[in-house]
2 protein chains.
Amino acid sequence: MSAGWFRRRFLPGGPLPAPRLPRPRSSPVPYRRPRFLRGSGSGPGTADAPRRPDVRPVRSPARGRALPWNAGYAEIINAEKSEFNEDQAACGQLCIRRCEFGAEEDQEWQTLCPEEFLTGHYWALFDGHGGPAAAILAANTLHSCLRRQLEAVVEGMVATQPPMHLSGRSICPSDPQFVEEKGIRAEDLVIGALESAFQECDEVIGRELEASGQVGGCTALVAVSLQGKLYVANAGDSRAILVRKDEVRPLSSEFTPETERQRIQQLAFVYPELLAGEFTRLEFPRRLKGDDLGQKVLFRDHHMRGWSYKCVEKSDLKYPLIHGQGRQARLLGTLAVSRGLGDHQLRVLDTNIQLKPFLLAVPQVTVLDVDQLELQEEDVVVMATDGLWDVLSNEQVARLVRSFLPGNREDSHRFSELAQMLIHSTQGKDDGLTEEGQVSYDDISVFVIPLHSQGQRSSGH
Amino acid sequence: MSAGWFRRRFLPGGPLPAPRLPRPRSSPVPYRRPRFLRGSGSGPGTADAPRRPDVRPVRSPARGRALPWNAGYAEIINAEKSEFNEDQAACGQLCIRRCEFGAEEDQEWQTLCPEEFLTGHYWALFDGHGGPAAAILAANTLHSCLRRQLEAVVEGMVATQPPMHLSGRSICPSDPQFVEEKGIRAEDLVIGALESAFQECDEVIGRELEASGQVGGCTALVAVSLQGKLYVANAGDSRAILVRKDEVRPLSSEFTPETERQRIQQLAFVYPELLAGEFTRLEFPRRLKGDDLGQKVLFRDHHMRGWSYKCVEKSDLKYPLIHGQGRQARLLGTLAVSRGLGDHQLRVLDTNIQLKPFLLAVPQVTVLDVDQLELQEEDVVVMATDGLWDVLSNEQVARLVRSFLPGNREDSHRFSELAQMLIHSTQGKDDGLTEEGQVSYDDISVFVIPLHSQGQRSSGH
């Protein structure tokens, strides 16, 4: 996320700034060609060292060991519009130990006996705001949190059915029946681990930012390939889609002040003190003015999906808790996303009103049963930060994927080339790629994950 | 809802009762043949007087006038298992005045100049618990609340686009653009009116029950045909489905402690005092015992869709906020539904813990654009209380609909006969109708609404 993005996410001015209109497409901001960085492009199953200078070998702070990278088919691109790169990414092999930590503590993971591990793959995109600090911390930390959370439940994951007691002890003979009736499967433990890992990472980021006097937050989009399934966890406005020959399927939903309106209004209803008398939780089509007083205007409250009319009172003239439309919608006039990591210190400008109580670190997790798909070689998952989706629709990306891959079967870098091409098509250089010739001025990061090899590689332990 | 149902909804015994297993299908409760009550069976567009003794001509308490009934094609059946009929129903024409109340106040609605009205049709099912009082009040009141709420916004509903100001005054020249950008349409005003009407009706029921010293609550499922659309509003565990030749589409979702687990746990997280130290908000596969102390067991909290393991502490041994599985799931050991009307005085047995804060009166509203369907004569909406859906799946009901209607085209009562037949098939009398020969011991109410005539009738004003 660039400084330009920063400006768009954080409204300048006083605590109750006026709504901002979209920046015109013919923006005077000078166009700079993005620095295209080739992915490792290694073949399936290999674990080449990364060749991408902006994807640092991530170190697990707790253990100080480099994660083995299996970064083939990934592409990270930065539009270079910010002094600091607010888009961050991480990918690698995920090795989950199946035994208590002990003597093997100091050995390199990838050289250990594979039977002791459940292995998977991990891809993550972090789109920072208010500086790169949170995104960098997330890229360096989240995989460790996830590994820890998965290791805490791995015995349940590899059992036919997760046992009621992790130790396997039976206290009640009907326990398997209770677990069965609740429909609890191994994948629910992975979902739970992802949810817990995001929360743990958020806490780590909060502590680290406070200790180092830094600020900021980031969105997080994570894909994990494990036991024949692909888990996509999203907190923010990045997006992942599945593209197959005859199918385009969203694998995530965006979390913005608009999509989470009812949750956010509900919190303000329960804790009105969070608004410090400065905001109204009600939604109106526009910000109300003095002339609206006493008129019946369209509105909706936390419990409403529909709209109604209310007689305008003085308190309705306050700045709205959620204001603006589409890409311009802001939470407390400040933030364009409603889920993510960090932002512990973020306050509405010149006030003491905190954003964090309204933000959720918990992701929504979607599960794709890769083993159940009749996979074709060109079935891919495309993960990208919002800059791509501002300009390209899911269908447009799918068309680009389908037009590119079949003609480049011999190219071992074709998934990286595809990621580059997707970014190219947002820069207004390739006429006809986007229907309206739209241009993105945001940082963009893209992963293209071929499912064919994942389906084969990640099933075993 | 019968007394049998009552027993199933309200667990007997102390405040922390043990989980109850489902009553066996070979229940010793004597089978009584339901009293089949024929609907009016009148042809489309007619407004015959009701012939069904258990569907009282509903009187609007506020105005003291009988609503005109347009009850063709409806069927209300009561299994007669309770002393009082806890299933209640209402249907009729909905006449929404387009002008301020004035001189015409005392005239009968249906004889007034039709141009002054927007007319629609209304069907509602109320499944009571803890006595029939709330269901009777809802059947007598909700349509009046809805009419009032619709009349408050009708000028916006009949405009090309709902205006920012109900008066039509323009304070800001861009108002139509703001409304357009928010995507606010006439149907959003109807959704809002339904949401507000349910809440208003809930307040009326609360006052009436308190004033008369009665108790109880009810679910509410409402269908409204208006301006070429069918609105289905649901609060509880009744269900409506659309059945067409090649399509079965759910038009509602059930609201139970299980389907609303996260909302309910979240409220207990925010307001732990609501549990008075008697319950744990955490979900476990079964209620924990002393032997589980110190063990790592499966659990999930309000923010989790997945599962994880936690070390059992003493507070985890409390009775769970939501306990039981499927049809046996109970909120605070007491109630099987999480949305509905009434229950203002309901408390956990022998405690002061109130159920109401966890219950929502707000319905979820689904909109079916009838005018956009290429309607066939046998396209119907089936609305029924939970007793039907306990025994028949959506697909089974659709098969029964499709097998019955084409052979009975000449029968003017065929939709009523179909409703009867659906109930018959839950009583274990017609072998082969239900796959497992299941029998319902619950009260059941069914509406079969033919869409073909609705599409033609309800479009105009």
# chains A, B, ... in the order shown; residues from 1 in each chain; ligands from 1
>>> interface_residues(of="chain A", to="chain B", cutoff="8 Å", atoms="only C-alpha atoms", output="PyMOL selection string")
chain A and resi 153+163-167+171+175+178-179+181-182+184+187-193+195+285-286+291-292+295-298+303-309+325+362
>>> write_last_selection(atoms="N, CA, C and O atoms", output="short mmCIF file (atom, residue, chain, number, x, y, z; two decimals), in the first residue's frame")
data_model
loop_
_atom_site.label_atom_id
_atom_site.label_comp_id
_atom_site.auth_asym_id
_atom_site.auth_seq_id
_atom_site.Cartn_x
_atom_site.Cartn_y
_atom_site.Cartn_z
N VAL A 153 -2.68 -28.47 18.00
CA VAL A 153 -3.87 -29.30 17.75
C VAL A 153 -3.58 -30.41 16.74
O VAL A 153 -4.50 -31.11 16.32
N PRO A 163 -10.43 -36.02 18.55
CA PRO A 163 -10.96 -36.56 19.80
C PRO A 163 -11.43 -35.46 20.73
O PRO A 163 -10.93 -34.34 20.66
N MET A 164 -12.40 -35.79 21.59
CA MET A 164 -12.87 -34.83 22.60
C MET A 164 -11.70 -34.36 23.45
O MET A 164 -11.54 -33.16 23.70
N HIS A 165 -10.87 -35.29 23.90
CA HIS A 165 -9.68 -34.94 24.68
C HIS A 165 -8.45 -35.09 23.80
O HIS A 165 -8.27 -36.13 23.17
N LEU A 166 -7.63 -34.07 23.81
CA LEU A 166 -6.44 -34.10 22.97
C LEU A 166 -5.52 -35.25 23.36
O LEU A 166 -4.83 -35.84 22.52
N SER A 167 -5.53 -35.60 24.65
CA SER A 167 -4.67 -36.69 25.11
C SER A 167 -5.16 -38.04 24.60
O SER A 167 -4.46 -39.03 24.65
N ILE A 171 -13.04 -40.17 28.91
CA ILE A 171 -13.71 -39.96 30.20
C ILE A 171 -15.17 -40.35 30.07
O ILE A 171 -15.77 -40.91 30.96
N ASP A 175 -18.11 -39.89 23.92
CA ASP A 175 -17.42 -38.71 23.38
C ASP A 175 -17.34 -38.70 21.85
O ASP A 175 -17.64 -37.68 21.22
N PHE A 178 -20.60 -37.51 20.49
CA PHE A 178 -20.83 -36.07 20.66
C PHE A 178 -20.06 -35.27 19.60
O PHE A 178 -20.58 -34.33 19.01
N VAL A 179 -18.80 -35.66 19.38
CA VAL A 179 -17.99 -34.96 18.38
C VAL A 179 -18.59 -35.15 16.99
O VAL A 179 -18.68 -34.20 16.19
N GLU A 181 -21.76 -35.76 16.30
CA GLU A 181 -23.03 -35.01 16.19
C GLU A 181 -22.79 -33.51 15.93
O GLU A 181 -23.59 -32.87 15.26
N LYS A 182 -21.68 -33.00 16.49
CA LYS A 182 -21.36 -31.58 16.23
C LYS A 182 -20.74 -31.40 14.85
O LYS A 182 -20.48 -30.27 14.42
N ILE A 184 -17.69 -32.09 13.92
CA ILE A 184 -16.34 -31.51 14.02
C ILE A 184 -15.36 -32.38 13.24
O ILE A 184 -15.23 -33.57 13.51
N GLU A 187 -10.64 -30.32 9.51
CA GLU A 187 -10.54 -28.98 8.92
C GLU A 187 -11.03 -27.90 9.89
O GLU A 187 -10.57 -26.75 9.79
N ASP A 188 -11.91 -28.25 10.82
CA ASP A 188 -12.36 -27.25 11.80
C ASP A 188 -11.23 -26.85 12.74
O ASP A 188 -11.20 -25.72 13.25
N LEU A 189 -10.30 -27.78 12.97
CA LEU A 189 -9.14 -27.45 13.81
C LEU A 189 -8.20 -26.51 13.07
O LEU A 189 -7.59 -25.62 13.67
N VAL A 190 -8.07 -26.70 11.74
CA VAL A 190 -7.22 -25.79 10.96
C VAL A 190 -7.86 -24.40 10.93
O VAL A 190 -7.18 -23.39 11.09
N ILE A 191 -9.18 -24.37 10.73
CA ILE A 191 -9.89 -23.08 10.75
C ILE A 191 -9.67 -22.39 12.10
O ILE A 191 -9.32 -21.21 12.17
N GLY A 192 -9.85 -23.15 13.18
CA GLY A 192 -9.64 -22.60 14.53
C GLY A 192 -8.21 -22.11 14.71
O GLY A 192 -7.98 -21.06 15.32
N ALA A 193 -7.25 -22.87 14.17
CA ALA A 193 -5.84 -22.48 14.31
C ALA A 193 -5.57 -21.18 13.54
O ALA A 193 -4.83 -20.31 14.02
N GLU A 195 -7.80 -18.83 12.91
CA GLU A 195 -8.45 -17.76 13.67
C GLU A 195 -7.59 -17.35 14.86
O GLU A 195 -7.39 -16.16 15.13
N PRO A 285 -28.03 8.54 3.58
CA PRO A 285 -27.43 8.53 2.24
C PRO A 285 -26.28 9.53 2.10
O PRO A 285 -25.36 9.34 1.33
N ARG A 286 -26.36 10.65 2.82
CA ARG A 286 -25.26 11.62 2.84
C ARG A 286 -25.18 12.20 4.24
O ARG A 286 -26.08 12.00 5.06
N ASP A 291 -30.10 22.32 7.45
CA ASP A 291 -31.36 22.45 6.72
C ASP A 291 -32.21 21.17 6.79
O ASP A 291 -33.40 21.20 6.50
N ASP A 292 -31.57 20.05 7.09
CA ASP A 292 -32.31 18.79 7.16
C ASP A 292 -33.09 18.66 8.46
O ASP A 292 -33.96 17.79 8.58
N GLN A 295 -36.79 17.40 9.07
CA GLN A 295 -37.25 16.69 7.87
C GLN A 295 -37.24 15.19 8.12
O GLN A 295 -36.49 14.69 8.96
N LYS A 296 -38.06 14.46 7.35
CA LYS A 296 -38.00 12.99 7.40
C LYS A 296 -37.04 12.51 6.32
O LYS A 296 -37.31 12.68 5.12
N VAL A 297 -35.93 11.91 6.73
CA VAL A 297 -34.92 11.48 5.75
C VAL A 297 -34.66 9.98 5.86
O VAL A 297 -34.92 9.36 6.88
N LEU A 298 -34.13 9.43 4.77
CA LEU A 298 -33.77 8.02 4.72
C LEU A 298 -32.68 7.72 5.74
O LEU A 298 -31.72 8.48 5.88
N HIS A 303 -29.95 -2.74 13.36
CA HIS A 303 -30.76 -3.95 13.20
C HIS A 303 -31.40 -4.01 11.82
O HIS A 303 -32.11 -4.97 11.53
N MET A 304 -31.18 -3.02 10.97
CA MET A 304 -31.91 -2.94 9.71
C MET A 304 -31.05 -3.29 8.49
O MET A 304 -29.95 -2.77 8.31
N ARG A 305 -31.62 -4.17 7.67
CA ARG A 305 -31.02 -4.38 6.36
C ARG A 305 -31.74 -3.48 5.35
O ARG A 305 -31.16 -3.07 4.36
N GLY A 306 -33.00 -3.19 5.62
CA GLY A 306 -33.76 -2.27 4.78
C GLY A 306 -33.57 -0.83 5.23
O GLY A 306 -32.79 -0.54 6.14
N TRP A 307 -34.30 0.09 4.60
CA TRP A 307 -34.23 1.50 4.91
C TRP A 307 -35.58 2.00 5.39
O TRP A 307 -36.61 1.41 5.06
N SER A 308 -35.54 3.09 6.17
CA SER A 308 -36.78 3.71 6.58
C SER A 308 -36.56 5.23 6.63
O SER A 308 -35.49 5.71 6.22
N TYR A 309 -37.57 5.97 7.07
CA TYR A 309 -37.43 7.43 7.22
C TYR A 309 -37.49 7.79 8.69
O TYR A 309 -38.23 7.19 9.46
N GLN A 325 -18.87 6.22 0.28
CA GLN A 325 -19.47 5.21 -0.58
C GLN A 325 -18.39 4.40 -1.27
O GLN A 325 -17.40 4.96 -1.73
N VAL A 362 -9.92 -11.18 13.58
CA VAL A 362 -10.35 -12.54 13.21
C VAL A 362 -10.62 -12.61 11.70
O VAL A 362 -11.34 -11.77 11.17
#
>>> residues_around(residues="Leu451 (chain A)", least_positions_apart="4", cutoff="9 Å", atoms="only C-alpha atoms", output="JSON list (two decimals) with N, CA and C atoms, in the first residue's frame")
[["chain", "number", "residue", "atom", "x", "y", "z"],
["A", 230, "LEU", "N", -7.21, -26.46, 0.59],
["A", 230, "LEU", "CA", -6.66, -25.12, 0.59],
["A", 230, "LEU", "C", -7.54, -24.25, 1.49],
["A", 370, "VAL", "N", -9.41, -29.40, -2.35],
["A", 370, "VAL", "CA", -8.65, -29.56, -3.60],
["A", 370, "VAL", "C", -8.70, -31.02, -4.07],
["A", 375, "LEU", "N", -8.78, -31.80, -10.91],
["A", 375, "LEU", "CA", -7.89, -30.68, -11.24],
["A", 375, "LEU", "C", -7.33, -30.78, -12.65],
["A", 376, "GLN", "N", -7.25, -29.65, -13.30],
["A", 376, "GLN", "CA", -6.58, -29.55, -14.58],
["A", 376, "GLN", "C", -5.32, -28.71, -14.36],
["A", 377, "GLU", "N", -4.38, -28.84, -15.29],
["A", 377, "GLU", "CA", -3.08, -28.24, -15.08],
["A", 377, "GLU", "C", -3.15, -26.72, -14.94],
["A", 378, "GLU", "N", -4.19, -26.11, -15.51],
["A", 378, "GLU", "CA", -4.25, -24.66, -15.48],
["A", 378, "GLU", "C", -5.23, -24.10, -14.45],
["A", 379, "ASP", "N", -5.63, -24.93, -13.50],
["A", 379, "ASP", "CA", -6.46, -24.44, -12.39],
["A", 379, "ASP", "C", -5.57, -23.70, -11.40],
["A", 380, "VAL", "N", -5.90, -22.43, -11.14],
["A", 380, "VAL", "CA", -5.05, -21.64, -10.24],
["A", 380, "VAL", "C", -5.90, -20.88, -9.23],
["A", 381, "VAL", "N", -5.24, -20.50, -8.15],
["A", 381, "VAL", "CA", -5.82, -19.53, -7.23],
["A", 381, "VAL", "C", -5.05, -18.23, -7.41],
["A", 455, "GLY", "N", -2.38, -30.09, -5.09],
["A", 455, "GLY", "CA", -3.21, -31.25, -4.82],
["A", 455, "GLY", "C", -2.38, -32.50, -4.67],
["A", 456, "GLN", "N", -1.31, -32.59, -5.47],
["A", 456, "GLN", "CA", -0.46, -33.78, -5.38],
["A", 456, "GLN", "C", 0.49, -33.73, -4.20]]
>>> select_by_dssp(residues="region 113-221 of chain B", states="alpha helix (DSSP H)", output="ChimeraX atom specification")
/B:133-157,175-181,186-212
>>> closest_residue(among="A:Arg244, A:Arg97, A:Lys229, A:Arg330", to="Gln372 (chain A)", atoms="only C-alpha atoms")
A:Lys229
>>> decode(residues="region 196-210 of chain A", atoms="N, CA and C atoms", output="compact mmCIF listing (two decimals), in the first residue's frame")
# COMPACT_ATOMS: atom_id res chain seq x y z
N SER A 196 -7.08 -18.34 15.58
CA SER A 196 -6.26 -18.04 16.76
C SER A 196 -4.93 -17.40 16.36
N ALA A 197 -4.35 -17.86 15.24
CA ALA A 197 -3.06 -17.33 14.80
C ALA A 197 -3.18 -15.85 14.45
N PHE A 198 -4.26 -15.47 13.77
CA PHE A 198 -4.45 -14.06 13.44
C PHE A 198 -4.53 -13.23 14.73
N GLN A 199 -5.25 -13.75 15.73
CA GLN A 199 -5.38 -12.99 16.98
C GLN A 199 -4.05 -12.90 17.71
N GLU A 200 -3.32 -14.03 17.74
CA GLU A 200 -2.02 -14.03 18.41
C GLU A 200 -1.08 -13.05 17.71
N CYS A 201 -1.07 -13.08 16.38
CA CYS A 201 -0.20 -12.19 15.62
C CYS A 201 -0.57 -10.73 15.88
N ASP A 202 -1.86 -10.46 15.99
CA ASP A 202 -2.31 -9.09 16.26
C ASP A 202 -1.77 -8.62 17.61
N GLU A 203 -1.78 -9.52 18.59
CA GLU A 203 -1.26 -9.15 19.91
C GLU A 203 0.25 -8.90 19.84
N VAL A 204 0.96 -9.76 19.10
CA VAL A 204 2.41 -9.57 18.95
C VAL A 204 2.69 -8.22 18.31
N ILE A 205 1.96 -7.91 17.24
CA ILE A 205 2.16 -6.64 16.54
C ILE A 205 1.88 -5.47 17.49
N GLY A 206 0.81 -5.58 18.27
CA GLY A 206 0.49 -4.51 19.22
C GLY A 206 1.64 -4.27 20.18
N ARG A 207 2.20 -5.35 20.72
CA ARG A 207 3.31 -5.21 21.67
C ARG A 207 4.55 -4.64 20.98
N GLU A 208 4.87 -5.16 19.80
CA GLU A 208 6.09 -4.74 19.10
C GLU A 208 6.01 -3.27 18.69
N LEU A 209 4.84 -2.88 18.19
CA LEU A 209 4.70 -1.48 17.76
C LEU A 209 4.82 -0.54 18.95
N GLU A 210 4.20 -0.94 20.06
CA GLU A 210 4.27 -0.08 21.24
C GLU A 210 5.71 0.03 21.75
